[in-house]
$ cat upload.txt   # compact mmCIF, C-alpha atoms
# COMPACT_ATOMS: atom_id res chain seq x y z
CA MET A 884 0.00 0.00 0.00
CA ALA A 885 1.28 3.48 -0.87
CA ASP A 886 1.96 5.89 1.97
CA ASP A 887 0.60 9.30 1.03
CA LEU A 888 -2.40 11.23 -0.13
CA ARG A 889 -2.54 13.07 -3.40
CA PRO A 890 -0.26 16.17 -3.18
CA THR A 891 -3.11 18.68 -3.03
CA GLY A 892 -4.97 16.60 -0.46
CA SER A 893 -1.88 16.32 1.73
CA THR A 894 -1.39 20.07 1.61
CA VAL A 895 -4.97 20.75 2.64
CA VAL A 896 -4.82 18.24 5.50
CA ALA A 897 -1.55 19.70 6.82
CA ALA A 898 -2.92 23.26 6.58
CA ALA A 899 -6.16 22.32 8.33
CA LEU A 900 -4.41 20.55 11.19
CA ALA A 901 -2.03 23.47 11.68
CA LEU A 902 -4.96 25.90 11.87
CA PHE A 903 -6.90 23.62 14.22
CA ALA A 904 -3.87 23.45 16.52
CA GLU A 905 -3.39 27.22 16.48
CA HIS A 906 -6.97 28.52 16.58
CA GLY A 907 -9.09 25.53 17.62
CA TYR A 908 -11.30 23.25 15.58
CA GLU A 909 -14.56 25.13 16.04
CA GLN A 910 -12.95 28.53 15.45
CA THR A 911 -11.39 27.52 12.11
CA SER A 912 -13.49 27.97 8.98
CA VAL A 913 -13.35 26.15 5.67
CA GLU A 914 -12.44 29.45 4.02
CA GLN A 915 -9.40 29.79 6.28
CA ILE A 916 -8.27 26.27 5.48
CA ALA A 917 -8.66 26.75 1.73
CA GLN A 918 -6.79 30.05 1.82
CA SER A 919 -3.94 28.60 3.89
CA ALA A 920 -3.64 25.59 1.57
CA GLY A 921 -3.78 27.73 -1.55
CA VAL A 922 -6.91 26.12 -2.99
CA SER A 923 -10.40 27.39 -3.75
CA ARG A 924 -13.37 26.76 -1.51
CA SER A 925 -14.95 24.63 -4.25
CA THR A 926 -11.78 22.53 -4.52
CA PHE A 927 -11.91 21.93 -0.78
CA PHE A 928 -15.49 20.70 -0.90
CA ARG A 929 -14.76 18.61 -3.98
CA GLN A 930 -12.03 16.73 -2.10
CA PHE A 931 -13.54 16.83 1.40
CA GLY A 932 -17.12 16.99 2.56
CA GLY A 933 -16.36 19.11 5.62
CA LYS A 934 -13.84 19.91 8.34
CA ASP A 935 -14.21 16.53 10.02
CA ASP A 936 -13.52 14.79 6.71
CA VAL A 937 -10.17 16.59 6.53
CA VAL A 938 -9.20 15.14 9.89
CA PHE A 939 -10.04 11.60 8.76
CA ALA A 940 -8.97 11.86 5.13
CA ASP A 941 -6.01 9.54 5.64
CA HIS A 942 -8.25 6.87 7.13
CA GLU A 943 -10.60 6.83 4.15
CA LEU A 944 -7.65 6.38 1.80
CA LEU A 945 -6.07 3.71 3.99
CA LEU A 946 -9.31 1.74 4.30
CA GLU A 947 -9.59 1.70 0.52
CA ARG A 948 -6.03 0.45 0.15
CA LEU A 949 -6.53 -2.04 2.97
CA ARG A 950 -9.47 -3.64 1.17
CA ALA A 951 -7.47 -3.80 -2.06
CA TYR A 952 -4.52 -5.46 -0.31
CA LEU A 953 -6.71 -8.03 1.40
CA SER A 954 -8.51 -8.81 -1.84
CA GLU A 955 -5.25 -10.35 -3.08
CA THR A 956 -4.19 -13.94 -2.39
CA HIS A 957 -2.00 -14.43 0.69
CA GLU A 958 -0.40 -17.67 1.83
CA ASN A 959 -1.18 -17.00 5.50
CA PRO A 960 -4.34 -14.91 6.06
CA TRP A 961 -3.49 -14.22 9.71
CA ALA A 962 -0.04 -12.86 8.84
CA ALA A 963 -1.59 -10.86 5.98
CA VAL A 964 -3.85 -9.05 8.45
CA CYS A 965 -0.83 -8.17 10.58
CA GLU A 966 1.15 -6.98 7.56
CA ALA A 967 -1.77 -4.81 6.43
CA SER A 968 -1.87 -3.23 9.88
CA VAL A 969 1.88 -2.58 9.79
CA GLN A 970 1.45 -0.77 6.48
CA ILE A 971 -1.19 1.47 8.07
CA PHE A 972 1.20 2.22 10.94
CA ARG A 973 3.99 3.07 8.50
CA HIS A 974 1.75 5.68 6.89
CA PHE A 975 1.29 7.61 10.14
CA ALA A 976 4.85 7.03 11.32
CA ALA A 977 6.19 8.57 8.10
CA ASP A 978 5.06 12.01 9.30
CA PRO A 979 4.68 11.81 13.08
CA GLU A 980 4.20 15.55 13.57
CA VAL A 981 1.09 15.62 11.38
CA ALA A 982 -0.16 12.48 13.12
CA ARG A 983 0.37 14.09 16.54
CA ARG A 984 -1.49 17.23 15.50
CA ARG A 985 -4.41 15.11 14.33
CA TYR A 986 -4.40 13.19 17.60
CA ALA A 987 -4.43 16.42 19.63
CA VAL A 988 -7.36 17.82 17.65
CA VAL A 989 -9.39 14.61 17.94
CA ARG A 990 -8.87 14.46 21.71
CA GLN A 991 -10.29 17.96 22.12
CA VAL A 992 -13.47 17.56 20.05
CA PRO A 993 -16.12 15.06 21.26
CA SER A 994 -17.68 14.59 17.81
CA LEU A 995 -14.27 13.72 16.37
CA ARG A 996 -13.59 11.27 19.19
CA ASP A 997 -16.88 9.55 18.40
CA ARG A 998 -15.99 9.32 14.74
CA GLU A 999 -12.56 7.94 15.62
CA ILE A 1000 -14.18 5.10 17.57
CA VAL A 1001 -16.31 4.26 14.55
CA THR A 1002 -13.26 4.44 12.26
CA VAL A 1003 -11.29 2.02 14.44
CA PHE A 1004 -14.20 -0.40 14.28
CA ARG A 1005 -14.21 -0.14 10.48
CA TYR A 1006 -10.60 -1.38 10.37
CA GLU A 1007 -11.44 -4.20 12.74
CA ARG A 1008 -14.45 -5.20 10.64
CA VAL A 1009 -12.36 -5.34 7.45
CA PHE A 1010 -9.92 -7.70 9.19
CA ASP A 1011 -12.75 -9.82 10.58
CA GLU A 1012 -14.54 -10.16 7.24
CA TYR A 1013 -11.30 -10.99 5.43
CA LEU A 1014 -10.46 -13.81 7.84
CA ARG A 1015 -13.95 -15.32 7.51
CA ARG A 1016 -13.60 -15.28 3.72
CA SER A 1017 -10.09 -16.68 3.72
CA VAL A 1018 -10.44 -19.45 6.32
CA PRO A 1019 -13.55 -21.53 5.42
CA GLY A 1020 -15.46 -22.71 8.46
CA LEU A 1021 -13.66 -20.33 10.80
CA ASP A 1022 -15.55 -19.81 14.06
CA PRO A 1023 -16.72 -16.17 14.06
CA VAL A 1024 -15.42 -15.81 17.61
CA ASP A 1025 -11.89 -16.65 16.43
CA ALA A 1026 -12.15 -14.13 13.59
CA VAL A 1027 -13.48 -11.38 15.85
CA ALA A 1028 -10.94 -12.12 18.58
CA PHE A 1029 -7.96 -11.97 16.23
CA ALA A 1030 -9.21 -8.87 14.40
CA ALA A 1031 -9.80 -7.11 17.72
CA ALA A 1032 -6.37 -8.12 19.02
CA VAL A 1033 -4.60 -6.86 15.89
CA THR A 1034 -6.45 -3.55 16.10
CA ALA A 1035 -5.78 -3.14 19.82
CA VAL A 1036 -2.06 -3.89 19.47
CA HIS A 1037 -1.80 -1.46 16.54
CA ASN A 1038 -3.49 1.32 18.51
CA HIS A 1039 -1.33 0.66 21.56
CA VAL A 1040 1.90 1.07 19.56
CA LEU A 1041 0.50 4.01 17.59
CA ARG A 1042 -0.35 5.82 20.84
CA ARG A 1043 3.30 5.46 21.89
CA LEU A 1044 4.18 7.37 18.73
CA LEU A 1045 1.45 9.99 19.14
CA ARG A 1046 2.03 10.70 22.83
CA GLY A 1047 5.81 10.78 22.67
CA SER A 1048 8.36 13.01 21.02
CA LYS A 1049 10.40 10.29 19.35
CA ARG A 1050 9.84 8.08 16.36
CA VAL A 1051 8.58 4.57 16.97
CA PRO A 1052 9.81 2.22 14.23
CA ALA A 1053 7.47 -0.25 12.57
CA THR A 1054 9.70 -3.05 13.85
CA VAL A 1055 8.14 -2.52 17.30
CA LEU A 1056 4.72 -3.34 15.90
CA GLU A 1057 6.09 -6.21 13.82
CA ALA A 1058 7.63 -7.79 16.93
CA ALA A 1059 4.32 -7.46 18.78
CA TYR A 1060 2.47 -9.15 15.92
CA ASP A 1061 5.04 -11.91 15.80
CA GLU A 1062 4.17 -12.71 19.41
CA LEU A 1063 0.44 -12.34 18.73
CA LEU A 1064 0.57 -14.84 15.86
CA ARG A 1065 2.32 -17.34 18.12
CA ARG A 1066 -0.20 -16.83 20.93
CA PHE A 1067 -3.03 -17.62 18.54
CA GLY A 1068 -1.07 -20.56 17.13
CA VAL A 1069 -1.22 -19.21 13.57
CA HIS A 1070 2.37 -18.06 13.03
CA PRO A 1071 3.59 -18.92 9.50
CA ASP A 1072 6.78 -20.42 10.93
CA PRO A 1073 6.49 -23.77 12.75
CA GLU A 1074 7.14 -23.84 16.48
CA PRO A 1075 8.54 -26.65 18.64
CA ALA A 1076 5.99 -29.31 19.56
CA ALA A 1077 4.44 -29.00 23.02
CA ASP A 1078 3.00 -31.76 25.21
CA ASP A 1079 -0.56 -30.49 24.79
CA ASP A 1080 -0.42 -30.04 21.00
CA ILE A 1081 -2.96 -31.78 18.79
CA VAL A 1082 -0.96 -34.54 17.16
CA VAL A 1083 -1.81 -33.64 13.57
CA ALA A 1084 1.30 -32.34 11.85
CA THR A 1085 2.08 -30.68 15.20
CA PHE A 1086 -0.55 -27.94 15.24
CA PRO A 1087 -0.87 -26.04 18.55
CA ARG A 1088 -4.05 -26.75 20.49
CA ARG A 1089 -4.88 -23.05 20.58
CA MET A 1090 -4.95 -22.83 16.77
CA PRO A 1091 -8.53 -22.28 15.49
CA PRO A 1092 -9.92 -25.56 14.07
CA ALA A 1093 -10.70 -23.88 10.74
CA GLU A 1094 -7.05 -22.86 10.41
CA VAL A 1095 -5.97 -26.45 11.14
CA ALA A 1096 -8.29 -27.61 8.36
CA ARG A 1097 -6.96 -24.97 5.99
CA ARG A 1098 -3.36 -25.97 6.59
CA LEU A 1099 -4.16 -29.66 6.24
CA GLY A 1100 -5.80 -28.86 2.95
CA ASP A 1101 -2.64 -27.07 1.83
CA LEU A 1102 -0.57 -30.11 2.85
CA ARG A 1103 -2.81 -32.44 0.87
CA SER A 1104 -2.56 -30.20 -2.16
CA ALA A 1105 1.22 -30.16 -1.91
CA THR A 1106 1.56 -33.95 -1.75

$ encode --input "upload.txt" --output "structure tokens"
Amino acid sequence: MADDLRPTGSTVVAAALALFAEHGYEQTSVEQIAQSAGVSRSTFFRQFGGKDDVVFADHELLLERLRAYLSETHENPWAAVCEASVQIFRHFAADPEVARRRYAVVRQVPSLRDREIVTVFRYERVFDEYLRRSVPGLDPVDAVAFAAAVTAVHNHVLRRLLRGSKRVPATVLEAAYDELLRRFGVHPDPEPAADDDIVVATFPRRMPPAEVARRLGDLRSAT
């Protein structure tokens, strides 16, 4: 997934966030944003529906790219979800100052906080729906649990970036997902057999039954 908005869109977003930080969200008008970004009022409304859409413009673009990425074929669906989330993190980590300004604005405006909650759920739902499509027979609880865990871990690491003054590399999130994949028993790399493993090609007991079936199917296809 690419990491930036269209040039004009990026300029408008940066200008809006700077004005929100300086004057406040409610006190900043669309006209002020357009003037600061060097675009017309009509151009602003053509690209964004309103001030709140400017704040969440990156998310709309990322959700679109997320769906496109997950529409492709991936050898391990669980790892693909984690990789997609890492790509989202990389987008915000590429310009942490803009991300921090957005975070500060959202925290101060109740309506934006509400929309952020809905936006987070939209990411989680995309992960959940992808897993159900990709792992036939998967228990919905397993899909929801993994999607929620991926989203929660992502937000935890992202908050470290937003609340601090230093960069947080994507490797931090990758390491967390590596552990998460092992906890769910769906890591693409095999792990040493444990005493309580299901003795079927050494799959961990905690691995969702639908994932066991999927991997067995892959083994049958390969032989």

$ atom_distance --input "upload.txt" --atom1 "CA of Pro1071 (chain A)" --atom2 "CA of Trp961 (chain A)"
8.5 Å

$ closest_residue --input "upload.txt" --among "A:Gln991, A:Asn1038, A:Gln915, A:Ser968" --to "Phe1010 (chain A)" --atoms "only C-alpha atoms"
A:Ser968

$ residues_around --input "upload.txt" --residues "Glu1094 (chain A)" --least-positions-apart "2" --cutoff "12 Å" --atoms "only C-alpha atoms" --output "short mmCIF file (atom, residue, chain, number, x, y, z; two decimals) with C-alpha atoms, in the frame of the given file"
data_model
loop_
_atom_site.label_atom_id
_atom_site.label_comp_id
_atom_site.auth_asym_id
_atom_site.auth_seq_id
_atom_site.Cartn_x
_atom_site.Cartn_y
_atom_site.Cartn_z
CA ASN A 959 -1.18 -17.00 5.50
CA PRO A 960 -4.34 -14.91 6.06
CA TRP A 961 -3.49 -14.22 9.71
CA LEU A 1014 -10.46 -13.81 7.84
CA ARG A 1015 -13.95 -15.32 7.51
CA SER A 1017 -10.09 -16.68 3.72
CA VAL A 1018 -10.44 -19.45 6.32
CA PRO A 1019 -13.55 -21.53 5.42
CA GLY A 1020 -15.46 -22.71 8.46
CA LEU A 1021 -13.66 -20.33 10.80
CA ASP A 1022 -15.55 -19.81 14.06
CA ASP A 1025 -11.89 -16.65 16.43
CA ALA A 1026 -12.15 -14.13 13.59
CA PHE A 1067 -3.03 -17.62 18.54
CA GLY A 1068 -1.07 -20.56 17.13
CA VAL A 1069 -1.22 -19.21 13.57
CA HIS A 1070 2.37 -18.06 13.03
CA PRO A 1071 3.59 -18.92 9.50
CA PHE A 1086 -0.55 -27.94 15.24
CA PRO A 1087 -0.87 -26.04 18.55
CA ARG A 1088 -4.05 -26.75 20.49
CA ARG A 1089 -4.88 -23.05 20.58
CA MET A 1090 -4.95 -22.83 16.77
CA PRO A 1091 -8.53 -22.28 15.49
CA PRO A 1092 -9.92 -25.56 14.07
CA ALA A 1096 -8.29 -27.61 8.36
CA ARG A 1097 -6.96 -24.97 5.99
CA ARG A 1098 -3.36 -25.97 6.59
CA LEU A 1099 -4.16 -29.66 6.24
CA GLY A 1100 -5.80 -28.86 2.95
CA ASP A 1101 -2.64 -27.07 1.83
#

$ closest_residue --input "upload.txt" --among "A:Val922, A:Leu1045, A:Leu953, A:Ala1031" --to "Arg990 (chain A)" --atoms "only C-alpha atoms"
A:Leu1045

$ residues_near_point --input "upload.txt" --point "(-18.5, 8.2, 12.6)" --cutoff "12 Å" --atoms "all atoms listed in the file" --output "list in words"
Asp935, Asp936, Val938, Phe939, His942, Glu943, Pro993, Ser994, Leu995, Arg996, Asp997, Arg998, Glu999, Ile1000, Val1001, Thr1002, Val1003, Phe1004 and Arg1005 of chain A

$ atom_distance --input "upload.txt" --atom1 "CA of Arg984 (chain A)" --atom2 "CA of His1037 (chain A)"
18.7 Å

$ atom_distance --input "upload.txt" --atom1 "CA of Arg1016 (chain A)" --atom2 "CA of Arg950 (chain A)"
12.6 Å

$ axis_aligned_box --input "upload.txt" --around "region 930-935 of chain A" --padding-each-side "3 Å" --output "lines of an AutoDock Vina configuration file"
center_x = -14.6
center_y = 18.2
center_z = 4.0
size_x = 11.1
size_y = 9.4
size_z = 18.1

$ residues_around --input "upload.txt" --residues "region 900-908 of chain A" --least-positions-apart "6" --cutoff "8 Å" --atoms "all atoms listed in the file" --output "MDAnalysis selection string"
chainID A and resid 916 938 981 984:985 987:988 992

$ closest_residue --input "upload.txt" --among "A:Ala940, A:Lys1049, A:Arg1008, A:Phe928" --to "Arg983 (chain A)" --atoms "all atoms listed in the file"
A:Lys1049

$ closest_residue --input "upload.txt" --among "A:Gly933, A:Ser923, A:Ala1093, A:Thr1034" --to "Thr911 (chain A)" --atoms "all atoms listed in the file"
A:Gly933

$ closest_residue --input "upload.txt" --among "A:Arg924, A:Phe1029, A:Ala899, A:Val1009" --to "Ser954 (chain A)" --atoms "all atoms listed in the file"
A:Val1009

$ residues_around --input "upload.txt" --residues "Thr1054 (chain A)" --least-positions-apart "5" --cutoff "12 Å" --atoms "all atoms listed in the file" --output "JSON, numbers by chain"
{"A": [966, 969, 970, 972, 973, 976, 1037, 1040, 1059, 1060, 1061]}

$ residues_around --input "upload.txt" --residues "Ser1048 (chain A)" --least-positions-apart "2" --cutoff "12 Å" --atoms "all atoms listed in the file" --output "list in words"
Ala976, Pro979, Glu980, Ala982, Arg983, Arg1042, Arg1043, Leu1044, Leu1045, Arg1046, Arg1050 and Val1051 of chain A

$ closest_residue --input "upload.txt" --among "A:Lys934, A:Val964, A:Leu944, A:Val895" --to "Ala917 (chain A)" --atoms "only C-alpha atoms"
A:Val895
